[in-house]
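Chemist: Structure below; questions to follow.
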Amino acid sequence: MLGGYLIELFILRLNEYLWGPWMITFCFAIGLLFSVLTKFLQIRLLKDMIILLFKGEKSDAGVSSFQAFSMALSGRIGTGNIAGTATAIAFGGPGAIFWMCAIALIGASSAFIESTLAQIYKVKQNGQYRGGPAFYIEKGIGWRWYGSVFAIATITATAFLLPGIQSNSIALGMDNAFRLQPWVTGTAITVILGFIIIGGVKRIAHVAQIVVPFIGIIYMVCSLGIIIFHIAELPDVLLLIFRSAFNLDATYGGMMGSAIVWGVKRSIYSNEAGQGTGAHAAAAAEVSHPVKQGLVQAFSVYIDTLFICTATAIMILLTGMYNVQPDGSGTLFIVENLPGVDAGPGYTQESIDSVVPGKGAGFVAIALFFFGFPAIMAYYYIAEVNVAYLVKGIPYKIAVLLLKVILLSSAFYGAIRSADLAWALGDVGLGIMVLLNSVALLLLAKPALTALKDYEDQKRKGKDPIFNPVKLGIKNADFWMRR
């Protein structure tokens, strides 16, 4: 009993340290640096992002750009879009939403850099394209040991720590809406997930490209309906978000620090820019130039945070269905509009209920499932790629089997454990991955920037860009050299 309490206390303290002011400053600085170095491509090349999304064909070894986009988006669009956004408001106030959007806007450049690098240094392994931070760290910097550290950290995060957040939020939603016991929901998640991951990357990509766009559109339509219902209050809510973000609102005066911390933390957890997870899916795409997929993956950050997270936040704020408790104690409230409702999906449920009585809990529970379940699929794929990086031959098959057992067990356990511990574990895993990957991106930005210049030069000449690393002086891009 005492041992469990001490472990939980250690995890919570580690989480606070990892997401201290230094990490927030670091994330902002890197995103801003890459935005400047790429001349704010996230704005300049928005048209290219959308066009490229629907171009490119899958192959025996790779998936299409849209499938890779859907796989990455399935990891980005998780329960964080519903539960995480509500948590940001609860602990950071309405101003946290401004900072969520700000870090997403500049973070899109980080997503571009990491995804372009994943394509440049990808490999063809066991008949499939594979890549990600571990691969570009080894090939681009030459540090196999650092690539191995990242791979181990990623496997730990995606197989042990992060699945629990998704399954926990799904279980809470199902319990609130349908009175399903968490163990029942956990069992259902485990069985369905097991069937899908047995089919490998192709089955994961196929499920993702169907489920993720479908539920994203349905959720956005519902959110827009509620926003239109309260359209008269929209200007006041937008002003509240801005004023709260800079300590200009009387109610939320002094909360700017909390707004920044929770906005940045929840934004990075939701859109994963700079975390390195989206880079794994980017490497699987069949494209003629790495920058093409880098741009597509950058666009997925917009879909996740600027569209879905923002829609959730405005829906909650417009209906007034939220509490604000800056110390997280559950006793000191600046705003308490929902007595007895914990920070999380309950805010979104109450928001929908206020417009369509009796429908909020059911709709949010279903949305949580269709957002959270694909995220767990994405975590499995990411973990498997990193296992493939570390282990070769017959031991690889044994390691993958063990990975499936561990991830399925983590998903089930996450459904039945406390929400606070689930989020703390996930944030620890996220913080370690962001730190390791960001250092690598700083050391490796040059090849991605060189590839971007080459892409734009070819576009100006009216060509369909084709990548030639030898011509650009990029070494160890073995796949592209052979191609």
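FYI, nothing fancy with the structure tokens labels: chains A, B, ... in order, residues from 1 per chain, ligands from 1 as they appear.
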With DSSP run on the backbone, what are the helix (DSSP H, G or I) residues within segment 88-147 of chain A? I'd like them as a PyMOL selection string.
Modeler: chain A and resi 88-92+95-120+133-141+144-147
Chemist: Might you pull out every residue within 10 Å of segment 382-388 of chain A, with only C-alpha atoms counted and same-chain residues fewer than 3 positions away left off, and present them as a PyMOL selection string?
Modeler: chain A and resi 72+75+125-126+129-135+147-148+150-160+200-201+276-281+376-379+391-393+395-397+399-401+403-404+407
Chemist: Just the residues within 10 Å of segment 331-340 of chain A, please, counting only C-alpha atoms, with nothing from its chain fewer than 4 positions along; format it as number ranges by chain.
Modeler: A: 90-91, 93, 251-252, 320-327, 346-347, 350
Chemist: Tell me, in Å to one decimal, how far atom CA of Thr190 of chain A is from atom CA of Ile210 of chain A.
Modeler: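 Result for atom CA of Thr190 of chain A versus atom CA of Ile210 of chain A: 20.1 Å, one decimal.
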Chemist: Using only C-alpha atoms, find each residue of segment 299-405 of chain A with at least one atom at most 7 Å away from an atom of segment 174-188 of chain A; report its shortest atom-to-atom pair and that distance in Å (one decimal), sort the rows by chain and rising residue number, and return the result as a Markdown table.
Modeler:
```
| residue | atom | partner | partner_atom | distance |
| --- | --- | --- | --- | --- |
| A:Ala361 | CA | A:Ala177 | CA | 4.7 |
| A:Gly362 | CA | A:Ala177 | CA | 5.0 |
| A:Ala365 | CA | A:Met174 | CA | 5.3 |
```
Chemist: Excluding same-chain residues fewer than 3 positions from segment 461-473 of chain A, what lies within 6 Å of it counting only C-alpha atoms, as a ChimeraX atom specification?
Modeler: /A:288-289,455,458
Chemist: Set the distance at 6 Å and use only C-alpha atoms: which residues neighbour Ala411 of chain A once local chain neighbours fewer than 3 positions away are removed? I'd like the list as an MDAnalysis selection string.
Modeler: chainID A and resid 163:164 167 408 414
Chemist: Near Arg13 of chain A, within 12 Å and counting only C-alpha atoms, which residues show up once chain neighbours fewer than 6 positions away are dropped, as a list in words?
Modeler: Leu6, Ile7, Trp19, Gly20, Leu421, Ala424, Leu425, Asp427 and Val428 of chain A
Chemist: Would you export the selected residues with N, CA and C atoms as a short mmCIF file (atom, residue, chain, number, x, y, z; two decimals), in the first residue's frame, please?
Modeler:
```
data_model
loop_
_atom_site.label_atom_id
_atom_site.label_comp_id
_atom_site.auth_asym_id
_atom_site.auth_seq_id
_atom_site.Cartn_x
_atom_site.Cartn_y
_atom_site.Cartn_z
N LEU A 6 3.99 5.66 -2.78
CA LEU A 6 5.26 6.32 -3.06
C LEU A 6 5.56 6.34 -4.55
N ILE A 7 5.22 5.24 -5.25
CA ILE A 7 5.44 5.19 -6.70
C ILE A 7 4.57 6.24 -7.40
N TRP A 19 7.51 18.84 -17.02
CA TRP A 19 6.70 19.88 -17.65
C TRP A 19 6.80 21.20 -16.89
N GLY A 20 8.01 21.45 -16.36
CA GLY A 20 8.26 22.73 -15.70
C GLY A 20 8.47 23.83 -16.73
N LEU A 421 -3.64 9.05 -12.36
CA LEU A 421 -2.40 8.29 -12.58
C LEU A 421 -2.20 8.02 -14.06
N ALA A 424 -0.89 11.17 -15.66
CA ALA A 424 0.48 11.46 -15.20
C ALA A 424 1.49 10.55 -15.89
N LEU A 425 1.16 9.26 -16.00
CA LEU A 425 2.05 8.32 -16.69
C LEU A 425 2.22 8.71 -18.15
N ASP A 427 1.86 11.69 -19.49
CA ASP A 427 2.61 12.93 -19.60
C ASP A 427 4.10 12.70 -19.39
N VAL A 428 4.46 11.76 -18.50
CA VAL A 428 5.88 11.42 -18.30
C VAL A 428 6.46 10.84 -19.59
#
```
Chemist: Within 9 Å of segment 303-316 of chain A, counting only C-alpha atoms, which residues show up once you throw out same-chain ones fewer than 4 positions away? Write them as a ChimeraX atom specification, please.
Modeler: /A:73,76-78,80-82,84-86,89,94,97,100-101,104-105,216,219-220,223-224,226-227,230,234,237-238,267,270-271,299,320-322,347-348,350-352
Chemist: Which of these residues is nearest to Asp478 of chain A, using only C-alpha atoms: A:Met433, A:Lys292, A:Lys139, A:Leu442?
Modeler: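 Using only C-alpha atoms, Asp478 of chain A sits closest to A:Lys139.
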Chemist: What is the distance, in Å and to one decimal place, between atom CA of Val434 of chain A and atom CA of Phe214 of chain A?
Modeler: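 Separation between atom CA of Val434 of chain A and atom CA of Phe214 of chain A: 29.3 Å.
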